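As stored in protein-v8.cif (mmCIF, C-alpha atoms):
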```cif
data_run
#
loop_
_atom_site.label_atom_id
_atom_site.label_comp_id
_atom_site.auth_asym_id
_atom_site.auth_seq_id
_atom_site.Cartn_x
_atom_site.Cartn_y
_atom_site.Cartn_z
CA MET A 317 -126.73 9.64 5.35
CA PHE A 318 -127.62 8.54 1.84
CA PRO A 319 -130.29 5.79 1.93
CA LEU A 320 -127.99 3.05 0.60
CA LEU A 321 -127.67 -0.32 2.35
CA SER A 322 -125.67 -3.27 1.03
CA ALA A 323 -124.56 -6.78 1.97
CA HIS A 324 -121.34 -8.40 0.71
CA ILE A 325 -120.15 -12.01 0.60
CA THR A 326 -116.74 -12.11 -1.06
CA HIS A 327 -113.60 -14.21 -1.50
CA LYS A 328 -112.06 -12.31 1.44
CA GLU A 329 -114.33 -13.93 4.03
CA ALA A 330 -116.30 -16.70 2.30
CA ARG A 331 -115.38 -20.21 1.30
CA ILE A 332 -115.85 -21.18 -2.33
CA GLN A 333 -118.66 -23.53 -1.20
CA ASP A 334 -120.65 -20.63 0.25
CA LEU A 335 -120.23 -18.55 -2.90
CA GLY A 336 -121.02 -21.60 -5.01
CA ARG A 337 -124.35 -22.17 -3.29
CA MET A 338 -125.41 -18.63 -4.14
CA GLY A 339 -124.32 -19.23 -7.71
CA LEU A 340 -127.14 -21.75 -7.96
CA CYS A 341 -129.85 -19.15 -7.24
CA ASP A 342 -131.93 -17.84 -10.14
CA LEU A 343 -130.83 -14.21 -10.54
CA PRO A 344 -134.15 -12.67 -11.71
CA ALA A 345 -135.95 -14.45 -8.87
CA LEU A 346 -133.30 -13.21 -6.42
CA LEU A 347 -133.81 -9.64 -7.62
CA GLY A 348 -137.57 -9.99 -7.31
CA ASP A 349 -137.32 -11.25 -3.73
CA LEU A 350 -134.90 -8.46 -2.81
CA GLN A 351 -137.16 -5.81 -4.35
CA ALA A 352 -140.11 -7.22 -2.39
CA LEU A 353 -138.44 -6.51 0.98
CA PRO A 354 -140.29 -3.84 2.99
CA GLY A 355 -139.00 -0.33 2.25
CA VAL A 356 -136.76 -1.26 -0.71
CA ARG A 357 -137.08 1.30 -3.54
CA GLU A 358 -134.20 0.15 -5.76
CA CYS A 359 -131.98 -2.92 -5.77
CA LEU A 360 -129.20 -4.70 -7.64
CA VAL A 361 -127.38 -8.03 -7.26
CA LEU A 362 -123.75 -8.35 -8.36
CA ARG A 363 -122.73 -11.99 -8.63
CA THR A 364 -119.33 -13.22 -9.86
CA CYS A 365 -117.07 -16.14 -9.02
CA ASN A 366 -115.49 -13.98 -6.27
CA ARG A 367 -118.47 -12.22 -4.77
CA VAL A 368 -122.22 -12.03 -4.27
CA GLU A 369 -123.35 -8.54 -3.28
CA PHE A 370 -126.78 -7.05 -2.64
CA TYR A 371 -127.37 -3.31 -3.06
CA THR A 372 -130.54 -1.52 -1.96
CA VAL A 373 -131.94 1.99 -1.77
CA ILE A 374 -134.30 2.15 1.20
CA GLU A 375 -137.19 4.39 2.22
CA THR A 376 -136.38 4.32 5.93
CA TRP A 377 -133.59 2.94 8.13
CA GLU A 378 -136.08 1.48 10.58
CA GLY A 379 -135.97 -2.31 10.20
CA ALA A 380 -133.96 -2.12 6.94
CA ARG A 381 -130.80 -3.83 8.26
CA GLU A 382 -132.81 -6.59 9.94
CA ASN A 383 -134.82 -7.27 6.77
CA LEU A 384 -131.68 -7.52 4.65
CA GLU A 385 -129.96 -9.77 7.21
CA ARG A 386 -132.89 -12.21 7.19
CA PHE A 387 -132.93 -12.21 3.38
CA VAL A 388 -129.21 -13.01 3.11
CA ALA A 389 -129.25 -15.56 5.94
CA ALA A 390 -131.90 -17.58 4.10
CA LEU A 391 -129.49 -17.99 1.17
CA LEU A 392 -126.52 -19.23 3.21
CA PRO A 393 -125.77 -22.74 4.46
CA TYR A 394 -127.01 -23.34 8.00
CA GLU A 395 -123.48 -23.87 9.32
CA SER A 396 -122.11 -20.59 7.90
CA HIS A 397 -120.33 -18.22 10.28
CA GLY A 398 -122.06 -15.01 11.28
CA ASP A 399 -119.13 -12.86 10.14
CA LEU A 400 -119.32 -14.23 6.59
CA VAL A 401 -121.42 -11.25 5.47
CA ARG A 402 -120.22 -7.66 5.60
CA TYR A 403 -122.81 -4.87 5.66
CA MET A 404 -122.20 -1.32 4.47
CA ALA A 405 -124.26 1.84 4.19
CA GLY A 406 -124.20 5.30 2.64
CA LYS A 407 -120.81 6.65 1.63
CA GLU A 408 -119.04 3.35 2.44
CA THR A 409 -121.27 1.48 -0.02
CA MET A 410 -120.57 4.06 -2.74
CA HIS A 411 -116.81 3.83 -2.26
CA HIS A 412 -116.93 0.04 -2.33
CA VAL A 413 -118.79 -0.03 -5.67
CA LEU A 414 -116.18 2.25 -7.23
CA ARG A 415 -113.39 0.01 -5.94
CA VAL A 416 -115.09 -3.14 -7.23
CA ALA A 417 -115.53 -1.77 -10.76
CA SER A 418 -111.90 -0.61 -10.71
CA GLY A 419 -110.66 -4.14 -9.98
CA LEU A 420 -109.32 -3.15 -6.55
CA GLU A 421 -111.54 -5.63 -4.70
CA SER A 422 -110.95 -8.56 -7.07
CA MET A 423 -109.08 -11.72 -6.13
CA ILE A 424 -106.78 -10.97 -9.07
CA VAL A 425 -106.25 -7.23 -8.56
CA GLY A 426 -106.85 -5.24 -11.73
CA GLU A 427 -108.68 -7.98 -13.66
CA ASP A 428 -110.81 -6.65 -16.50
CA GLN A 429 -113.70 -9.09 -16.37
CA ILE A 430 -115.30 -7.34 -13.38
CA GLN A 431 -116.05 -4.32 -15.58
CA SER A 432 -118.37 -6.32 -17.84
CA GLN A 433 -119.85 -8.14 -14.83
CA VAL A 434 -120.82 -4.84 -13.17
CA LYS A 435 -122.36 -3.67 -16.45
CA GLU A 436 -124.33 -6.91 -16.80
CA ALA A 437 -125.58 -6.63 -13.20
CA LEU A 438 -126.82 -3.08 -13.89
CA GLU A 439 -128.53 -4.14 -17.13
CA MET A 440 -130.15 -7.14 -15.46
CA ALA A 441 -131.52 -5.07 -12.56
CA ASP A 442 -132.70 -2.36 -14.97
CA SER A 443 -134.54 -4.91 -17.13
CA GLN A 444 -136.34 -6.13 -14.00
CA GLY A 445 -137.46 -2.59 -13.09
CA CYS A 446 -135.21 -2.49 -10.01
CA ILE A 447 -133.05 0.53 -10.92
CA GLY A 448 -133.93 4.12 -10.05
CA PRO A 449 -132.00 7.41 -10.04
CA MET A 450 -129.67 6.56 -7.14
CA LEU A 451 -128.38 3.09 -8.11
CA GLY A 452 -128.37 4.11 -11.77
CA GLU A 453 -126.14 7.09 -11.01
CA LEU A 454 -123.92 5.05 -8.66
CA PHE A 455 -123.23 2.16 -11.02
CA ARG A 456 -122.76 4.34 -14.09
CA LYS A 457 -120.19 6.32 -12.10
CA ALA A 458 -118.57 3.01 -11.07
CA LEU A 459 -118.24 1.91 -14.70
CA ASN A 460 -116.71 5.27 -15.66
CA THR A 461 -114.31 5.04 -12.70
CA GLY A 462 -113.24 1.56 -13.80
CA LYS A 463 -112.54 2.86 -17.31
CA ARG A 464 -110.53 5.76 -15.94
CA VAL A 465 -108.42 3.44 -13.75
CA ARG A 466 -107.66 1.19 -16.71
CA THR A 467 -106.76 4.20 -18.88
CA GLU A 468 -104.62 6.13 -16.40
CA THR A 469 -102.83 3.23 -14.65
CA ARG A 470 -101.22 -0.09 -15.53
CA LEU A 471 -103.31 -1.95 -12.98
CA ASN A 472 -104.74 -4.28 -15.63
CA LYS A 473 -101.49 -4.91 -17.48
CA GLY A 474 -100.02 -8.41 -17.50
CA ASN A 475 -101.75 -11.54 -16.23
CA VAL A 476 -104.67 -10.10 -14.33
CA SER A 477 -107.60 -12.43 -14.96
CA ILE A 478 -108.71 -15.63 -13.29
CA GLY A 479 -107.98 -17.38 -16.58
CA SER A 480 -104.41 -16.11 -16.84
CA ALA A 481 -103.79 -16.94 -13.18
CA ALA A 482 -104.99 -20.48 -13.87
CA VAL A 483 -102.48 -20.86 -16.71
CA ASP A 484 -99.70 -19.38 -14.53
CA LEU A 485 -100.51 -21.92 -11.83
CA ALA A 486 -100.34 -24.78 -14.34
CA GLU A 487 -96.92 -23.62 -15.54
CA ALA A 488 -95.69 -23.22 -11.97
CA ARG A 489 -96.58 -26.85 -11.24
CA LEU A 490 -95.69 -28.47 -14.55
CA GLY A 491 -92.74 -26.30 -15.55
CA ASP A 492 -93.87 -25.76 -19.13
CA LEU A 493 -96.97 -26.54 -21.16
CA LYS A 494 -94.84 -27.26 -24.21
CA GLY A 495 -95.33 -30.90 -25.14
CA LYS A 496 -98.35 -31.25 -22.84
CA THR A 497 -101.89 -32.18 -23.85
CA VAL A 498 -104.51 -29.74 -22.63
CA LEU A 499 -108.24 -30.33 -22.36
CA VAL A 500 -110.49 -27.28 -21.94
CA VAL A 501 -113.97 -28.15 -20.70
CA GLY A 502 -116.32 -25.26 -21.49
CA ALA A 503 -116.47 -22.65 -24.24
CA GLY A 504 -117.94 -19.59 -22.54
CA GLN A 505 -116.39 -16.30 -21.44
CA MET A 506 -114.01 -17.79 -18.88
CA ALA A 507 -112.94 -20.63 -21.18
CA THR A 508 -112.23 -18.05 -23.88
CA LEU A 509 -110.02 -16.10 -21.49
CA ILE A 510 -108.10 -19.27 -20.69
CA ALA A 511 -107.78 -20.04 -24.41
CA LYS A 512 -106.28 -16.60 -25.01
CA HIS A 513 -103.44 -17.34 -22.58
CA LEU A 514 -102.97 -20.91 -23.76
CA ALA A 515 -102.44 -19.82 -27.36
CA GLY A 516 -98.86 -18.69 -26.76
CA LYS A 517 -97.80 -21.61 -24.55
CA SER A 518 -97.24 -24.10 -27.39
CA PRO A 519 -98.89 -27.19 -25.91
CA GLU A 520 -98.61 -30.34 -28.02
CA ALA A 521 -102.38 -30.58 -28.40
CA VAL A 522 -105.42 -28.67 -27.22
CA PHE A 523 -108.87 -30.21 -27.09
CA VAL A 524 -112.04 -28.24 -26.37
CA SER A 525 -115.24 -29.90 -25.21
CA ASN A 526 -118.59 -28.23 -24.65
CA ARG A 527 -122.21 -29.34 -24.53
CA THR A 528 -122.88 -27.00 -27.47
CA TYR A 529 -120.55 -28.46 -30.05
CA SER A 530 -120.57 -25.41 -32.35
CA ARG A 531 -119.12 -23.27 -29.55
CA ALA A 532 -116.41 -25.86 -28.93
CA VAL A 533 -115.54 -25.73 -32.65
CA GLU A 534 -115.31 -21.94 -32.57
CA LEU A 535 -113.01 -21.87 -29.53
CA ALA A 536 -110.87 -24.77 -30.76
CA TRP A 537 -110.34 -22.97 -34.06
CA SER A 538 -109.00 -19.89 -32.25
CA LEU A 539 -106.55 -22.16 -30.38
CA ASN A 540 -105.53 -24.16 -33.42
CA GLY A 541 -106.93 -27.10 -31.46
CA LYS A 542 -109.57 -29.74 -31.93
CA ALA A 543 -113.22 -29.69 -30.84
CA VAL A 544 -114.51 -32.70 -28.92
CA ARG A 545 -118.15 -33.69 -28.58
CA PHE A 546 -119.21 -33.75 -24.95
CA GLU A 547 -120.19 -37.43 -25.19
CA GLN A 548 -116.56 -38.23 -26.06
CA LEU A 549 -115.11 -36.34 -23.08
CA GLN A 550 -114.10 -39.55 -21.29
CA ASP A 551 -111.84 -40.64 -24.17
CA PHE A 552 -109.93 -37.36 -24.12
CA LEU A 553 -109.57 -37.23 -20.33
CA VAL A 554 -107.27 -40.23 -20.73
CA ARG A 555 -104.96 -38.14 -22.93
CA ALA A 556 -105.04 -34.91 -20.89
CA ASP A 557 -102.09 -33.76 -18.78
CA VAL A 558 -103.88 -30.53 -17.93
CA VAL A 559 -107.65 -30.17 -17.57
CA LEU A 560 -109.02 -26.62 -17.35
CA CYS A 561 -112.68 -26.68 -16.38
CA ALA A 562 -114.65 -23.47 -16.98
CA THR A 563 -118.30 -24.15 -17.69
CA SER A 564 -121.49 -22.34 -16.71
CA ALA A 565 -123.09 -25.55 -15.41
CA THR A 566 -124.62 -25.40 -11.94
CA HIS A 567 -123.76 -29.03 -11.17
CA ILE A 568 -120.70 -31.28 -10.94
CA VAL A 569 -119.32 -32.11 -14.39
CA LEU A 570 -116.21 -34.10 -13.40
CA GLY A 571 -116.14 -36.46 -10.43
CA ASN A 572 -114.49 -39.77 -9.50
CA ARG A 573 -116.75 -41.51 -11.97
CA GLU A 574 -115.08 -39.64 -14.84
CA ILE A 575 -111.53 -39.12 -13.54
CA GLU A 576 -110.74 -42.46 -11.86
CA PRO A 577 -111.12 -44.62 -15.02
CA ALA A 578 -109.05 -42.09 -16.98
CA MET A 579 -106.24 -42.21 -14.40
CA ARG A 580 -106.10 -46.03 -14.54
CA MET A 581 -105.42 -45.79 -18.28
CA ARG A 582 -102.72 -43.10 -17.99
CA SER A 583 -100.02 -45.54 -16.87
CA GLY A 584 -98.93 -43.54 -13.84
CA ARG A 585 -98.88 -40.16 -15.57
CA GLY A 586 -100.36 -37.42 -13.37
CA MET A 587 -103.25 -35.12 -14.18
CA PHE A 588 -103.39 -31.43 -13.22
CA ILE A 589 -106.92 -30.04 -12.95
CA ILE A 590 -107.88 -26.39 -12.48
CA ASP A 591 -111.55 -25.64 -11.92
CA VAL A 592 -112.40 -21.96 -12.40
CA SER A 593 -116.14 -22.57 -12.75
CA PHE A 594 -118.70 -20.85 -10.56
CA PRO A 595 -120.15 -22.78 -8.87
CA ARG A 596 -117.48 -25.49 -8.87
CA ASN A 597 -117.80 -28.16 -11.57
CA VAL A 598 -115.14 -30.61 -10.35
CA ALA A 599 -116.01 -32.67 -7.28
CA GLU A 600 -113.82 -32.18 -4.21
CA GLU A 601 -113.40 -35.97 -3.94
CA VAL A 602 -111.24 -35.93 -7.09
CA ARG A 603 -108.46 -34.36 -5.01
CA ASN A 604 -107.93 -37.67 -3.21
CA LEU A 605 -107.24 -39.74 -6.33
CA PRO A 606 -103.57 -40.80 -6.72
CA GLY A 607 -101.76 -38.71 -9.32
CA VAL A 608 -104.40 -35.96 -9.43
CA GLU A 609 -103.74 -32.36 -8.41
CA LEU A 610 -106.89 -30.23 -8.15
CA PHE A 611 -106.98 -26.45 -7.78
CA ASP A 612 -110.11 -24.32 -7.67
CA LEU A 613 -110.77 -20.62 -7.16
CA THR A 614 -109.60 -20.89 -3.56
CA GLY A 615 -106.27 -22.24 -4.76
CA LEU A 616 -105.70 -19.14 -6.86
CA ASN A 617 -105.22 -17.03 -3.71
CA GLU A 618 -101.45 -17.54 -3.87
CA VAL A 619 -101.36 -16.18 -7.42
CA ALA A 620 -103.58 -13.31 -6.26
CA ARG A 621 -101.15 -12.33 -3.50
CA GLU A 622 -98.19 -12.33 -5.89
CA ASN A 623 -100.24 -10.26 -8.31
CA LEU A 624 -100.96 -7.69 -5.60
CA GLU A 625 -97.27 -7.32 -4.68
CA LYS A 626 -96.38 -6.59 -8.31
CA ARG A 627 -99.01 -3.88 -8.57
CA ARG A 628 -98.60 -2.00 -5.28
CA ARG A 629 -97.78 1.35 -6.93
CA GLU A 630 -100.59 1.03 -9.48
CA VAL A 631 -103.01 0.11 -6.70
CA PHE A 632 -102.13 3.34 -4.85
CA THR A 633 -102.85 5.43 -7.96
CA ALA A 634 -106.09 3.55 -8.65
CA GLU A 635 -107.26 4.05 -5.06
CA ASN A 636 -106.69 7.80 -5.37
CA ILE A 637 -108.74 7.86 -8.56
CA ALA A 638 -111.57 6.03 -6.78
CA LYS A 639 -111.45 8.59 -3.94
CA GLU A 640 -111.54 11.50 -6.40
CA GLU A 641 -114.53 10.00 -8.20
CA LEU A 642 -116.26 9.40 -4.86
CA LYS A 643 -116.02 13.12 -4.04
CA LEU A 644 -117.60 13.96 -7.40
CA LEU A 645 -120.30 11.36 -6.82
CA LEU A 646 -121.16 12.80 -3.40
CA ILE A 647 -121.54 16.26 -4.95
CA ARG A 648 -123.73 14.76 -7.67
CA PHE A 649 -125.96 13.06 -5.11
CA GLU A 650 -126.29 16.31 -3.17
CA GLU A 651 -127.36 17.99 -6.42
CA LEU A 652 -129.89 15.23 -7.07
CA GLY A 653 -131.23 15.67 -3.53
CA ALA A 654 -131.54 19.43 -4.06
CA ALA A 655 -133.28 18.88 -7.39
CA GLU A 656 -135.77 16.54 -5.76
CA LEU A 657 -136.40 19.09 -2.98
CA ILE A 658 -137.01 21.86 -5.53
CA ARG A 659 -139.32 19.59 -7.53
CA SER A 660 -141.32 18.83 -4.38
CA VAL A 661 -141.64 22.54 -3.57
CA TYR A 662 -142.90 23.30 -7.08
CA VAL A 663 -145.40 20.42 -6.95
CA LYS A 664 -146.72 21.57 -3.58
CA TYR A 665 -147.19 25.20 -4.59
CA GLN A 666 -148.51 24.31 -8.02
CA CYS A 667 -151.34 22.44 -6.30
CA MET A 668 -152.04 25.44 -4.08
CA LYS A 669 -152.06 27.76 -7.08
CA GLU A 670 -154.45 25.55 -9.05
CA ARG A 671 -156.95 25.45 -6.15
CA GLU A 672 -156.89 29.22 -5.64
CA VAL A 673 -157.13 29.94 -9.38
CA GLU A 674 -160.16 27.66 -9.62
CA LYS A 675 -161.81 29.56 -6.76
CA ALA A 676 -161.06 32.87 -8.48
CA LEU A 677 -162.52 31.66 -11.79
CA ASN A 678 -165.71 30.57 -10.04
CA ARG A 679 -166.02 34.02 -8.50
CA LEU A 680 -165.57 35.64 -11.92
CA ARG A 681 -168.22 33.34 -13.43
CA SER A 682 -170.65 34.38 -10.70
CA GLY A 683 -170.26 38.02 -11.74
CA GLU A 684 -167.90 39.44 -9.12
CA ALA A 685 -165.75 42.41 -10.15
CA ALA A 686 -162.42 41.42 -11.64
CA ASP A 687 -160.47 43.86 -9.44
CA ALA A 688 -161.86 42.32 -6.28
CA VAL A 689 -161.28 38.77 -7.52
CA LEU A 690 -157.64 39.49 -8.47
CA GLU A 691 -156.99 41.17 -5.14
CA GLY A 692 -158.49 38.19 -3.33
CA LEU A 693 -156.47 35.73 -5.45
CA ALA A 694 -153.21 37.55 -4.76
CA GLY A 695 -153.90 37.71 -1.02
CA ALA A 696 -154.92 34.04 -0.86
CA LEU A 697 -151.81 32.91 -2.72
CA MET A 698 -149.55 35.01 -0.51
CA ASN A 699 -151.15 33.63 2.66
CA ARG A 700 -151.01 30.04 1.44
CA PHE A 701 -147.42 30.28 0.22
CA LEU A 702 -146.15 31.91 3.41
CA ALA A 703 -148.14 29.86 5.94
CA ASP A 704 -145.54 27.11 6.46
CA PRO A 705 -142.48 29.43 6.42
CA THR A 706 -144.22 31.76 8.89
CA ALA A 707 -144.99 28.89 11.28
CA ALA A 708 -141.39 27.65 11.05
CA VAL A 709 -139.94 31.12 11.75
CA LYS A 710 -142.22 31.61 14.79
CA SER A 711 -141.16 28.20 16.13
CA ALA A 712 -137.47 29.04 15.55
CA THR A 713 -137.91 32.34 17.40
CA ARG A 714 -139.48 30.63 20.39
CA ASN A 715 -136.70 27.99 20.49
CA GLY A 716 -133.83 30.39 19.87
CA ASP A 717 -132.90 28.63 16.62
CA GLY A 718 -130.64 31.26 15.10
CA ASN A 719 -129.49 28.99 12.27
CA LEU A 720 -133.00 28.61 10.86
CA LEU A 721 -133.64 32.33 11.18
CA ARG A 722 -130.43 33.18 9.34
CA SER A 723 -131.26 30.59 6.66
CA THR A 724 -134.72 32.14 6.23
CA LYS A 725 -133.19 35.57 5.79
CA GLU A 726 -130.83 34.23 3.14
CA LEU A 727 -133.52 32.14 1.44
CA PHE A 728 -135.90 35.08 1.02
CA GLY A 729 -133.14 37.62 0.28
CA LEU A 730 -134.04 39.83 3.28
CA GLU A 731 -131.95 42.65 4.72
CA VAL A 732 -133.10 42.74 8.36
CA THR A 733 -131.36 42.54 11.71
CA LEU A 734 -132.27 39.38 13.62
CA ASP A 735 -132.32 39.56 17.43
CA VAL A 736 -132.49 35.88 18.31
CA SER A 737 -131.93 36.48 22.00
CA ALA A 738 -135.10 38.54 22.23
CA GLY A 739 -137.28 35.63 21.25
CA LYS A 740 -135.41 33.34 23.61
CA ASN A 741 -135.86 35.75 26.55
CA GLU A 742 -139.57 36.03 25.88
CA LYS A 743 -139.84 32.26 26.32
CA THR A 744 -138.22 32.43 29.75
#
```
Do you think you could lay out the structure here as C-alpha cells?
Amino acid sequence: MFPLLSAHITHKEARIQDLGRMGLCDLPALLGDLQALPGVRECLVLRTCNRVEFYTVIETWEGARENLERFVAALLPYESHGDLVRYMAGKETMHHVLRVASGLESMIVGEDQIQSQVKEALEMADSQGCIGPMLGELFRKALNTGKRVRTETRLNKGNVSIGSAAVDLAEARLGDLKGKTVLVVGAGQMATLIAKHLAGKSPEAVFVSNRTYSRAVELAWSLNGKAVRFEQLQDFLVRADVVLCATSATHIVLGNREIEPAMRMRSGRGMFIIDVSFPRNVAEEVRNLPGVELFDLTGLNEVARENLEKRRREVFTAENIAKEELKLLLIRFEELGAAELIRSVYVKYQCMKEREVEKALNRLRSGEAADAVLEGLAGALMNRFLADPTAAVKSATRNGDGNLLRSTKELFGLEVTLDVSAGKNEKT
C-alpha cells in the first residue's frame, strides 16, 4: 500500500459549527503541527467552507493512524461525534483527491472554486516545506484531472458555485430581485462570485460594504452599485431587503445588536439574510428575530441536491475521467517507486566501489604490481556486489521460494534450469 494517510471532515458528515471552528485555526501553524507528528514525511491541509482535510505521507504505518486521530481530535469541539471524521489510506486517498479537484465531492457539484482552493493548499504546503515527491505528484495530477473534467464535460456549466446557489435561494424565497435593495457585506473572492450573479438580476439598488473601503468601491463599480463605508453599515441594513454576507472575518459581523434595530425601522418589511462566510459571520440568534429569514451554508443543501439531479449524466462522465486518471497515477507512483529503488541500488554499490577503489589505489602507491592490484580489485568488487544476492538465493533455495529464484534468473539474464524441489528436499 502506498504510504498515504488522510483525515476528512466535510459537509457530508459535519455541522457548519464544526467546520467553522477549524476555520479559525492558523493554517501555517496547523501545517507545522501536522508535519511535527512522528513519522510524517509530507503533509498538506485543504480547508474550504465545505471541508477540512489533512493529507500525510508516512514513514511507517505503526502508530500513524493513532497519531493522526489524536491530532484531529484536539481540533474538534469536545461534544463532536466520533464518526464526524473519515479516514482514508493509499489508493482510496488518491481517488478522493482527484474527485475533490474535479468538483465531485463539493456541496454544489461541479463548482469551479475548489480548483483554485486545491492549488492554494498545494502552494501553501510547498511554501512551508511540507511537500515532497508523493504529495506533489498527487495534487498536480488532481489539478490536471479537474481541468480535464471541466474541459470534457458540462459539470461546471450553469449555477455551480456557492455564490450562485445563494442568489438562486434568494430568488426562490423572494420571487424576483427586481425592485429589491441588496446589501453585500464583504468584497473578497466569494463576494465577487455573488456579485457576478447579482449583476443580471436587476435589483433596484446594490450596496457593498467592506472594512477595506477601496475593495468595496471596486466591487460596487462592477455591479453598478454604491460602496458603503463599514462604519455606515447600520444605516444601510435598514434599507436592505436582501443581505448577502461573505467576508473573511473569523468572528461574528452581524448579530442581534446590528439586525434588531434595523428591523424596527423597516416598518414590518422582512429581511432575507444569506451567510456564505467561513466561519459563519451572522449569529445564529438572528434567526429568531421577527421578519428575518437566515440561511447559511447548511441551508444550501437543498440547492445542492437539485444541482446534483440536474447533472447526473455529467457526474457519471466525470467519475469515469477520475478513475482513468487514477489508473495513470498508480502507474506513475509505481514508476517513482522503481526509480527510488534503482537510485538506492546505485548509491549502495557506488559506496562499495569507492571503498574498493581506494584500497586498490593504496596498494598501487605502495608499489604492488598493477596486474595483481587490478585482479584483486575486480575480485573484490565481484564478491561485494554478489554477496547479498547470493545470500538471498541460498535462503530461497532452503525455503523452496521458487518465485524469488525465477526472479533472480530473470534479473541477471541467466539461462539455467532451476530445480526448486531439490533444495526443498534437502531441507527435509
Quiz prompt | Coordinates-based distance that separates atom CA of A:Val554 from atom CA of A:Arg580 (Å, one decimal) | solution =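 We find that atom CA of A:Arg580 and atom CA of A:Val554 lie 8.6 Å from each other.
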If you count only C-alpha atoms, which residues fall within 12 Å of A:Trp537, apart from same-chain ones fewer than 2 positions away, as a ChimeraX atom specification?
/A:503,508,511-512,515,522-524,530-535,539-544
Could you write out as an MDAnalysis selection string the residues that the PyMOL selection byres ((chain A and resi 468) around 10) matches in the shown file?
-> chainID A and resid 463:467 469:471 630 633:634 637
**Prompt:** Could you state the separation of atom CA of A:Val689 and atom CA of A:Thr706 in Å, given to one decimal place?
**Reply:**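 For atom CA of A:Val689 relative to atom CA of A:Thr706, the distance reads 24.7 Å.
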Set the distance at 10 Å and use all atoms listed in the file: which residues neighbour A:Leu693 once local chain neighbours fewer than 6 positions away are removed? I'd like the list as an mmCIF file with C-alpha atoms, in the frame of the given file.
```cif
data_model
loop_
_atom_site.group_PDB
_atom_site.id
_atom_site.type_symbol
_atom_site.label_atom_id
_atom_site.label_comp_id
_atom_site.auth_asym_id
_atom_site.auth_seq_id
_atom_site.Cartn_x
_atom_site.Cartn_y
_atom_site.Cartn_z
ATOM 1 C CA LYS A 669 -152.060 27.760 -7.080
ATOM 2 C CA GLU A 672 -156.890 29.220 -5.640
ATOM 3 C CA VAL A 673 -157.130 29.940 -9.380
ATOM 4 C CA GLU A 674 -160.160 27.660 -9.620
ATOM 5 C CA LYS A 675 -161.810 29.560 -6.760
ATOM 6 C CA ALA A 676 -161.060 32.870 -8.480
ATOM 7 C CA LEU A 677 -162.520 31.660 -11.790
ATOM 8 C CA ASP A 687 -160.470 43.860 -9.440
ATOM 9 C CA ASN A 699 -151.150 33.630 2.660
#
```
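Once all atoms listed in the file are considered, the residues situated within 9 Å of the file point (-110.4, -36.2, -17.7) turn out to be A:Leu499, A:Leu549, A:Gln550, A:Asp551, A:Phe552, A:Leu553, A:Val554, A:Arg555, A:Ala556, A:Asp557, A:Val558, A:Val559, A:Leu570, A:Glu574, A:Ile575, A:Glu576, A:Pro577, A:Ala578, A:Met579, A:Met587, A:Ile589.
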